[in-house]
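First up is the structure itself, then whatever we jot down about it.
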Amino acid sequence: MRILITGGNGYIGNALVDAFCRAGHHVCATTRDKKNRKAIERFGARAVEWSLADCRSLASEIRQTDVLVHAAFEMGPEGAGRDREAVGFFLEELARTSGLRRFLYTSGVWVLGNLRDNVVPDNAVPERSPDIVSWRPPIERQVLGSAAKGITPLVIRPGIVYGGAGGLTGFLMGAATREHGIPVIGSGHNRWSPVHRDDLANLYVRAAEQAPAASVLNGTDGSCPTVAMIAGALSEALGFEGRTQSLSPEEAKKAWGDLADGLALDQCVPGDWAGKLLGWRPRHRSIVSEAEALVRSWKAAQAD
């Protein structure tokens with residue numbers, strides 16, 4: 001199939017380029033900076049310079065694709081609005097094409113909010129979400145509703161993505177000090193729902209190839225470690241003797257802005273539906289046991 005991926009040089013997007021190329025598809029991926037073309041072309045994909053700020057410039061590429069995978073996102077105050085505009089444009093263009101018209105939208109499990117006492121049914125779109133991601137559920141509904149236009153829409157919600165030097169584990173290591181260790185919010189007893197980015201990329205490939213229209217897939221490995229467990233393992237691997245630093249919500253908000261609200265969520269999100277529907281079985285099942293590998297990757301990236 002002809003696959004078009006937005007954000008092809010991003011943390012998730014680059015793993016998607018690799019996975020779709022390995023699966024034998026013809027891949028085109030976007031990059032905001034032509035200097036980053038090699039990060040896409042090394043897998044055998046074709047790179048196209050593009051940004052969310054000028055989303056309509058991708059029209060000719062969309063008309064030549066079978067599957068559009070939207071993994072690009074722009075951080076900052078304009079990010080949500082540009083995502084909404086881009087998704088609306090993508091759906092308009094896909095409705096006009098003669099390809100397979102598959103559209104994969106990247107959301108995230110944070111839309112589900114705190115889940116300690118809240119059971120979320122499969123394929124459900126929440127009525128309310130935390131402020132940091134409150135704009136995503138309306139987009140999810142818009143995407144899923146496009147099935148009426150002959151599009152095969154899919155929503156994928158990655159969990160806490162890890163693997164390599166980036167992601168939130170890289171963020172935490174970058175914020176750590178030898179004296180204080182890895183920072184956590186409060187006690188760190190809130191849970192995260194992780195997924196290795198290689199496993200997540202495999203989920204996207206399976207979804208693009210076989211998922212039925214209007215499916216919502218939570219991309220998590222099923223483990224629900226506490227943030228304290230993750231931080232302690234990273235601290236130990238860094239040589240900081242497992243030390244962690246407790247930040248109050250106010251301190252975290254001052255240091256990290258709205259990101260702190262997401263990091264403080266308590267979530268245990270199963271990925272069972274994706275397994276039942278697509279036979280997806282994550283190979284990486286413990287972010288804690290992979291702490292040493294994560295630290296090695298992070299240190300290697302710092303040395304470059």
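Lettering and numbering for the structure tokens are positional, with chains as A, B, ... in the shown order, residues counted from 1 in each chain, and ligands counted from 1 in the shown order.
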As an MDAnalysis selection string, please: all residues of region 112-202 of chain A that backbone DSSP puts in alpha helix (DSSP H). chainID A and resid 136:145 167:174 197:202
Those same residues - N, CA and C atoms - I'd like them written as a PDB file, in the first residue's frame.
```
ATOM      1  N   ARG A 136      -8.908  16.938  22.166  1.00  0.00           N
ATOM      2  CA  ARG A 136      -8.763  15.718  21.370  1.00  0.00           C
ATOM      3  C   ARG A 136     -10.062  14.928  21.168  1.00  0.00           C
ATOM      4  N   PRO A 137     -10.901  14.719  22.194  1.00  0.00           N
ATOM      5  CA  PRO A 137     -12.124  13.931  21.971  1.00  0.00           C
ATOM      6  C   PRO A 137     -13.007  14.448  20.842  1.00  0.00           C
ATOM      7  N   PRO A 138     -13.226  15.773  20.696  1.00  0.00           N
ATOM      8  CA  PRO A 138     -14.020  16.222  19.538  1.00  0.00           C
ATOM      9  C   PRO A 138     -13.386  15.834  18.205  1.00  0.00           C
ATOM     10  N   ILE A 139     -12.054  15.842  18.145  1.00  0.00           N
ATOM     11  CA  ILE A 139     -11.391  15.420  16.917  1.00  0.00           C
ATOM     12  C   ILE A 139     -11.582  13.921  16.713  1.00  0.00           C
ATOM     13  N   GLU A 140     -11.486  13.145  17.795  1.00  0.00           N
ATOM     14  CA  GLU A 140     -11.733  11.709  17.673  1.00  0.00           C
ATOM     15  C   GLU A 140     -13.121  11.452  17.087  1.00  0.00           C
ATOM     16  N   ARG A 141     -14.121  12.168  17.583  1.00  0.00           N
ATOM     17  CA  ARG A 141     -15.488  11.977  17.067  1.00  0.00           C
ATOM     18  C   ARG A 141     -15.580  12.379  15.603  1.00  0.00           C
ATOM     19  N   GLN A 142     -14.920  13.462  15.246  1.00  0.00           N
ATOM     20  CA  GLN A 142     -14.922  13.893  13.854  1.00  0.00           C
ATOM     21  C   GLN A 142     -14.288  12.840  12.953  1.00  0.00           C
ATOM     22  N   VAL A 143     -13.174  12.287  13.408  1.00  0.00           N
ATOM     23  CA  VAL A 143     -12.479  11.258  12.630  1.00  0.00           C
ATOM     24  C   VAL A 143     -13.374  10.035  12.471  1.00  0.00           C
ATOM     25  N   LEU A 144     -13.922   9.548  13.571  1.00  0.00           N
ATOM     26  CA  LEU A 144     -14.743   8.344  13.518  1.00  0.00           C
ATOM     27  C   LEU A 144     -16.002   8.554  12.678  1.00  0.00           C
ATOM     28  N   GLY A 145     -16.544   9.760  12.704  1.00  0.00           N
ATOM     29  CA  GLY A 145     -17.736  10.062  11.923  1.00  0.00           C
ATOM     30  C   GLY A 145     -17.495  10.111  10.427  1.00  0.00           C
ATOM     31  N   GLY A 167      11.263  10.392  24.292  1.00  0.00           N
ATOM     32  CA  GLY A 167      10.061  10.103  25.056  1.00  0.00           C
ATOM     33  C   GLY A 167      10.134  10.685  26.464  1.00  0.00           C
ATOM     34  N   LEU A 168       9.163  10.320  27.292  1.00  0.00           N
ATOM     35  CA  LEU A 168       9.115  10.862  28.640  1.00  0.00           C
ATOM     36  C   LEU A 168      10.216  10.318  29.539  1.00  0.00           C
ATOM     37  N   THR A 169      10.736   9.125  29.227  1.00  0.00           N
ATOM     38  CA  THR A 169      11.865   8.634  30.030  1.00  0.00           C
ATOM     39  C   THR A 169      13.097   9.504  29.769  1.00  0.00           C
ATOM     40  N   GLY A 170      13.304   9.880  28.516  1.00  0.00           N
ATOM     41  CA  GLY A 170      14.404  10.790  28.209  1.00  0.00           C
ATOM     42  C   GLY A 170      14.211  12.144  28.876  1.00  0.00           C
ATOM     43  N   PHE A 171      12.962  12.613  28.917  1.00  0.00           N
ATOM     44  CA  PHE A 171      12.643  13.871  29.584  1.00  0.00           C
ATOM     45  C   PHE A 171      12.989  13.793  31.070  1.00  0.00           C
ATOM     46  N   LEU A 172      12.597  12.688  31.720  1.00  0.00           N
ATOM     47  CA  LEU A 172      12.875  12.539  33.145  1.00  0.00           C
ATOM     48  C   LEU A 172      14.369  12.469  33.420  1.00  0.00           C
ATOM     49  N   MET A 173      15.112  11.752  32.574  1.00  0.00           N
ATOM     50  CA  MET A 173      16.554  11.660  32.778  1.00  0.00           C
ATOM     51  C   MET A 173      17.219  13.017  32.584  1.00  0.00           C
ATOM     52  N   GLY A 174      16.711  13.794  31.641  1.00  0.00           N
ATOM     53  CA  GLY A 174      17.257  15.124  31.419  1.00  0.00           C
ATOM     54  C   GLY A 174      16.992  16.065  32.580  1.00  0.00           C
ATOM     55  N   ARG A 197       8.007   1.999  21.736  1.00  0.00           N
ATOM     56  CA  ARG A 197       7.650   2.599  20.446  1.00  0.00           C
ATOM     57  C   ARG A 197       7.734   1.605  19.289  1.00  0.00           C
ATOM     58  N   ASP A 198       8.553   0.567  19.391  1.00  0.00           N
ATOM     59  CA  ASP A 198       8.580  -0.461  18.345  1.00  0.00           C
ATOM     60  C   ASP A 198       7.282  -1.260  18.335  1.00  0.00           C
ATOM     61  N   ASP A 199       6.775  -1.582  19.536  1.00  0.00           N
ATOM     62  CA  ASP A 199       5.487  -2.283  19.616  1.00  0.00           C
ATOM     63  C   ASP A 199       4.357  -1.386  19.126  1.00  0.00           C
ATOM     64  N   LEU A 200       4.414  -0.118  19.482  1.00  0.00           N
ATOM     65  CA  LEU A 200       3.389   0.823  19.021  1.00  0.00           C
ATOM     66  C   LEU A 200       3.393   0.921  17.504  1.00  0.00           C
ATOM     67  N   ALA A 201       4.575   0.975  16.906  1.00  0.00           N
ATOM     68  CA  ALA A 201       4.670   1.048  15.447  1.00  0.00           C
ATOM     69  C   ALA A 201       4.064  -0.187  14.801  1.00  0.00           C
ATOM     70  N   ASN A 202       4.262  -1.341  15.418  1.00  0.00           N
ATOM     71  CA  ASN A 202       3.668  -2.572  14.905  1.00  0.00           C
ATOM     72  C   ASN A 202       2.146  -2.512  14.964  1.00  0.00           C
TER      73      ASN A 202
END
```
Within 8 Å of region 113-128 of chain A, counting only C-alpha atoms, which residues qualify if same-chain residues fewer than 6 places away don't, as a list in words?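 Surrounding residues, per the criterion: Ser134, Pro137, Glu140, Arg141, Ser215, Val216, Leu217, Leu265, Asp266, Gln267, Cys268, Val269 and Trp273 of chain A.
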Residues of region 157-230 of chain A at most 9 Å from region 236-256 of chain A: nearest atom pair and distance in Å, only C-alpha atoms, as CSV:
```
residue,atom,partner,partner_atom,distance
A:Met173,CA,A:Leu238,CA,8.3
A:Ala176,CA,A:Thr244,CA,8.5
A:Thr177,CA,A:Phe240,CA,8.1
A:Arg178,CA,A:Phe240,CA,5.5
A:Glu179,CA,A:Phe240,CA,7.7
A:His180,CA,A:Gln245,CA,5.5
A:Gly181,CA,A:Arg243,CA,4.6
A:Ile182,CA,A:Thr244,CA,4.6
A:Pro183,CA,A:Gln245,CA,4.5
A:Val184,CA,A:Ser246,CA,5.1
A:Ile185,CA,A:Leu247,CA,4.8
A:Gly186,CA,A:Ser246,CA,5.3
A:Ser187,CA,A:Ser246,CA,6.3
A:Gly188,CA,A:Ser246,CA,7.6
A:Ala228,CA,A:Thr244,CA,7.7
```
Contact residues around Ala301 (chain A) with only C-alpha atoms at 9 Å, ignoring same-chain residues under 5 positions, as a short mmCIF file (atom, residue, chain, number, x, y, z; two decimals) with N, CA and C atoms, in the first residue's frame:
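Result written to out.cif:
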```cif
data_model
loop_
_atom_site.label_atom_id
_atom_site.label_comp_id
_atom_site.auth_asym_id
_atom_site.auth_seq_id
_atom_site.Cartn_x
_atom_site.Cartn_y
_atom_site.Cartn_z
N GLY A 164 14.59 3.84 23.14
CA GLY A 164 15.59 4.75 22.62
C GLY A 164 15.87 5.87 23.60
N ALA A 165 16.31 7.01 23.07
CA ALA A 165 16.77 8.10 23.93
C ALA A 165 15.68 9.11 24.26
N GLY A 166 14.57 9.11 23.54
CA GLY A 166 13.57 10.16 23.69
C GLY A 166 12.40 9.78 24.57
N ARG A 296 21.40 3.73 28.57
CA ARG A 296 22.48 3.63 27.58
C ARG A 296 22.14 4.43 26.33
#
```
One-decimal distance in Å that lies between CA of Cys28 (chain A) and CA of Gly8 (chain A):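 For CA of Gly8 (chain A) relative to CA of Cys28 (chain A), the distance reads 8.4 Å.
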Please report as CSV every residue of region 159-269 of chain A lying within 9 Å of region 287-293 of chain A, along with the nearest atom pair and their distance in Å (one decimal), using only C-alpha atoms.
```
residue,atom,partner,partner_atom,distance
A:Tyr162,CA,A:Ile287,CA,7.6
A:Gly163,CA,A:Ala293,CA,8.5
A:Gly164,CA,A:Ala293,CA,8.0
A:Thr169,CA,A:Ala291,CA,9.0
A:Pro194,CA,A:Ile287,CA,7.0
A:Val195,CA,A:Ile287,CA,8.0
A:His196,CA,A:Ile287,CA,7.9
A:Ser223,CA,A:Ile287,CA,8.6
A:Pro225,CA,A:Val288,CA,7.8
A:Met229,CA,A:Val288,CA,6.9
A:Ile230,CA,A:Val288,CA,5.4
A:Ala231,CA,A:Val288,CA,8.6
A:Gly232,CA,A:Val288,CA,8.6
A:Ala233,CA,A:Ala291,CA,5.8
A:Leu234,CA,A:Ala291,CA,5.2
A:Ser235,CA,A:Ala291,CA,8.7
A:Glu236,CA,A:Ala291,CA,8.5
A:Ala237,CA,A:Glu292,CA,5.1
A:Leu238,CA,A:Glu292,CA,7.8
```
Just the selected residues (C-alpha atoms), exported as an mmCIF file, in the first residue's frame, please.
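Wrote it out as out.cif, contents follow:
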```
data_model
loop_
_atom_site.group_PDB
_atom_site.id
_atom_site.type_symbol
_atom_site.label_atom_id
_atom_site.label_comp_id
_atom_site.auth_asym_id
_atom_site.auth_seq_id
_atom_site.Cartn_x
_atom_site.Cartn_y
_atom_site.Cartn_z
ATOM 1 C CA TYR A 162 9.368 4.709 25.610
ATOM 2 C CA GLY A 163 12.334 3.217 23.802
ATOM 3 C CA GLY A 164 15.588 4.752 22.624
ATOM 4 C CA THR A 169 11.865 8.634 30.030
ATOM 5 C CA PRO A 194 3.599 2.330 28.909
ATOM 6 C CA VAL A 195 4.243 1.054 25.412
ATOM 7 C CA HIS A 196 7.551 0.567 23.628
ATOM 8 C CA SER A 223 1.554 -3.244 32.576
ATOM 9 C CA PRO A 225 3.901 0.400 36.977
ATOM 10 C CA MET A 229 8.967 2.345 40.192
ATOM 11 C CA ILE A 230 9.967 3.754 36.800
ATOM 12 C CA ALA A 231 11.861 6.694 38.299
ATOM 13 C CA GLY A 232 13.662 4.482 40.809
ATOM 14 C CA ALA A 233 14.798 2.066 38.118
ATOM 15 C CA LEU A 234 16.057 4.916 35.905
ATOM 16 C CA SER A 235 17.828 6.517 38.864
ATOM 17 C CA GLU A 236 19.527 3.233 39.729
ATOM 18 C CA ALA A 237 20.642 2.730 36.122
ATOM 19 C CA LEU A 238 22.001 6.286 36.001
#
```
Secondary structure check, strand (DSSP E or B) residues of region 12-172 of chain A, as a PyMOL selection string: chain A and resi 26-31+46-49+67-70+102-106+152-158+160-162
Could the residues in this selection be written to a file with C-alpha atoms, as a CSV table (one decimal), in the first residue's frame?
```csv
chain,number,residue,atom,x,y,z
A,26,HIS,CA,5.6,2.3,-0.2
A,27,VAL,CA,6.2,5.1,2.3
A,28,CYS,CA,6.2,8.9,2.0
A,29,ALA,CA,6.8,10.9,5.2
A,30,THR,CA,6.8,14.5,6.1
A,31,THR,CA,9.5,16.6,7.9
A,46,ARG,CA,10.6,9.3,0.5
A,47,ALA,CA,10.8,12.6,2.5
A,48,VAL,CA,8.6,15.6,1.9
A,49,GLU,CA,9.1,19.0,3.5
A,67,VAL,CA,-3.4,5.3,4.0
A,68,LEU,CA,-2.8,8.6,5.7
A,69,VAL,CA,-1.2,8.3,9.2
A,70,HIS,CA,-1.3,11.5,11.1
A,102,ARG,CA,-7.7,4.8,5.4
A,103,PHE,CA,-7.0,7.5,8.0
A,104,LEU,CA,-5.1,6.8,11.3
A,105,TYR,CA,-5.3,9.6,13.8
A,106,THR,CA,-2.9,9.7,16.7
A,152,THR,CA,-11.9,4.0,7.0
A,153,PRO,CA,-11.1,6.1,10.1
A,154,LEU,CA,-9.1,4.7,13.0
A,155,VAL,CA,-8.0,6.3,16.3
A,156,ILE,CA,-4.9,5.1,18.0
A,157,ARG,CA,-4.2,6.2,21.6
A,158,PRO,CA,-0.6,5.6,22.5
A,160,ILE,CA,3.5,6.5,27.7
A,161,VAL,CA,5.8,5.8,24.8
A,162,TYR,CA,9.4,4.7,25.6
```
Measuring atom to atom with only C-alpha atoms, identify which of A:Ala274, A:Leu52, A:Ala45, A:Ile5 is nearest to Asp66 (chain A). A:Ile5
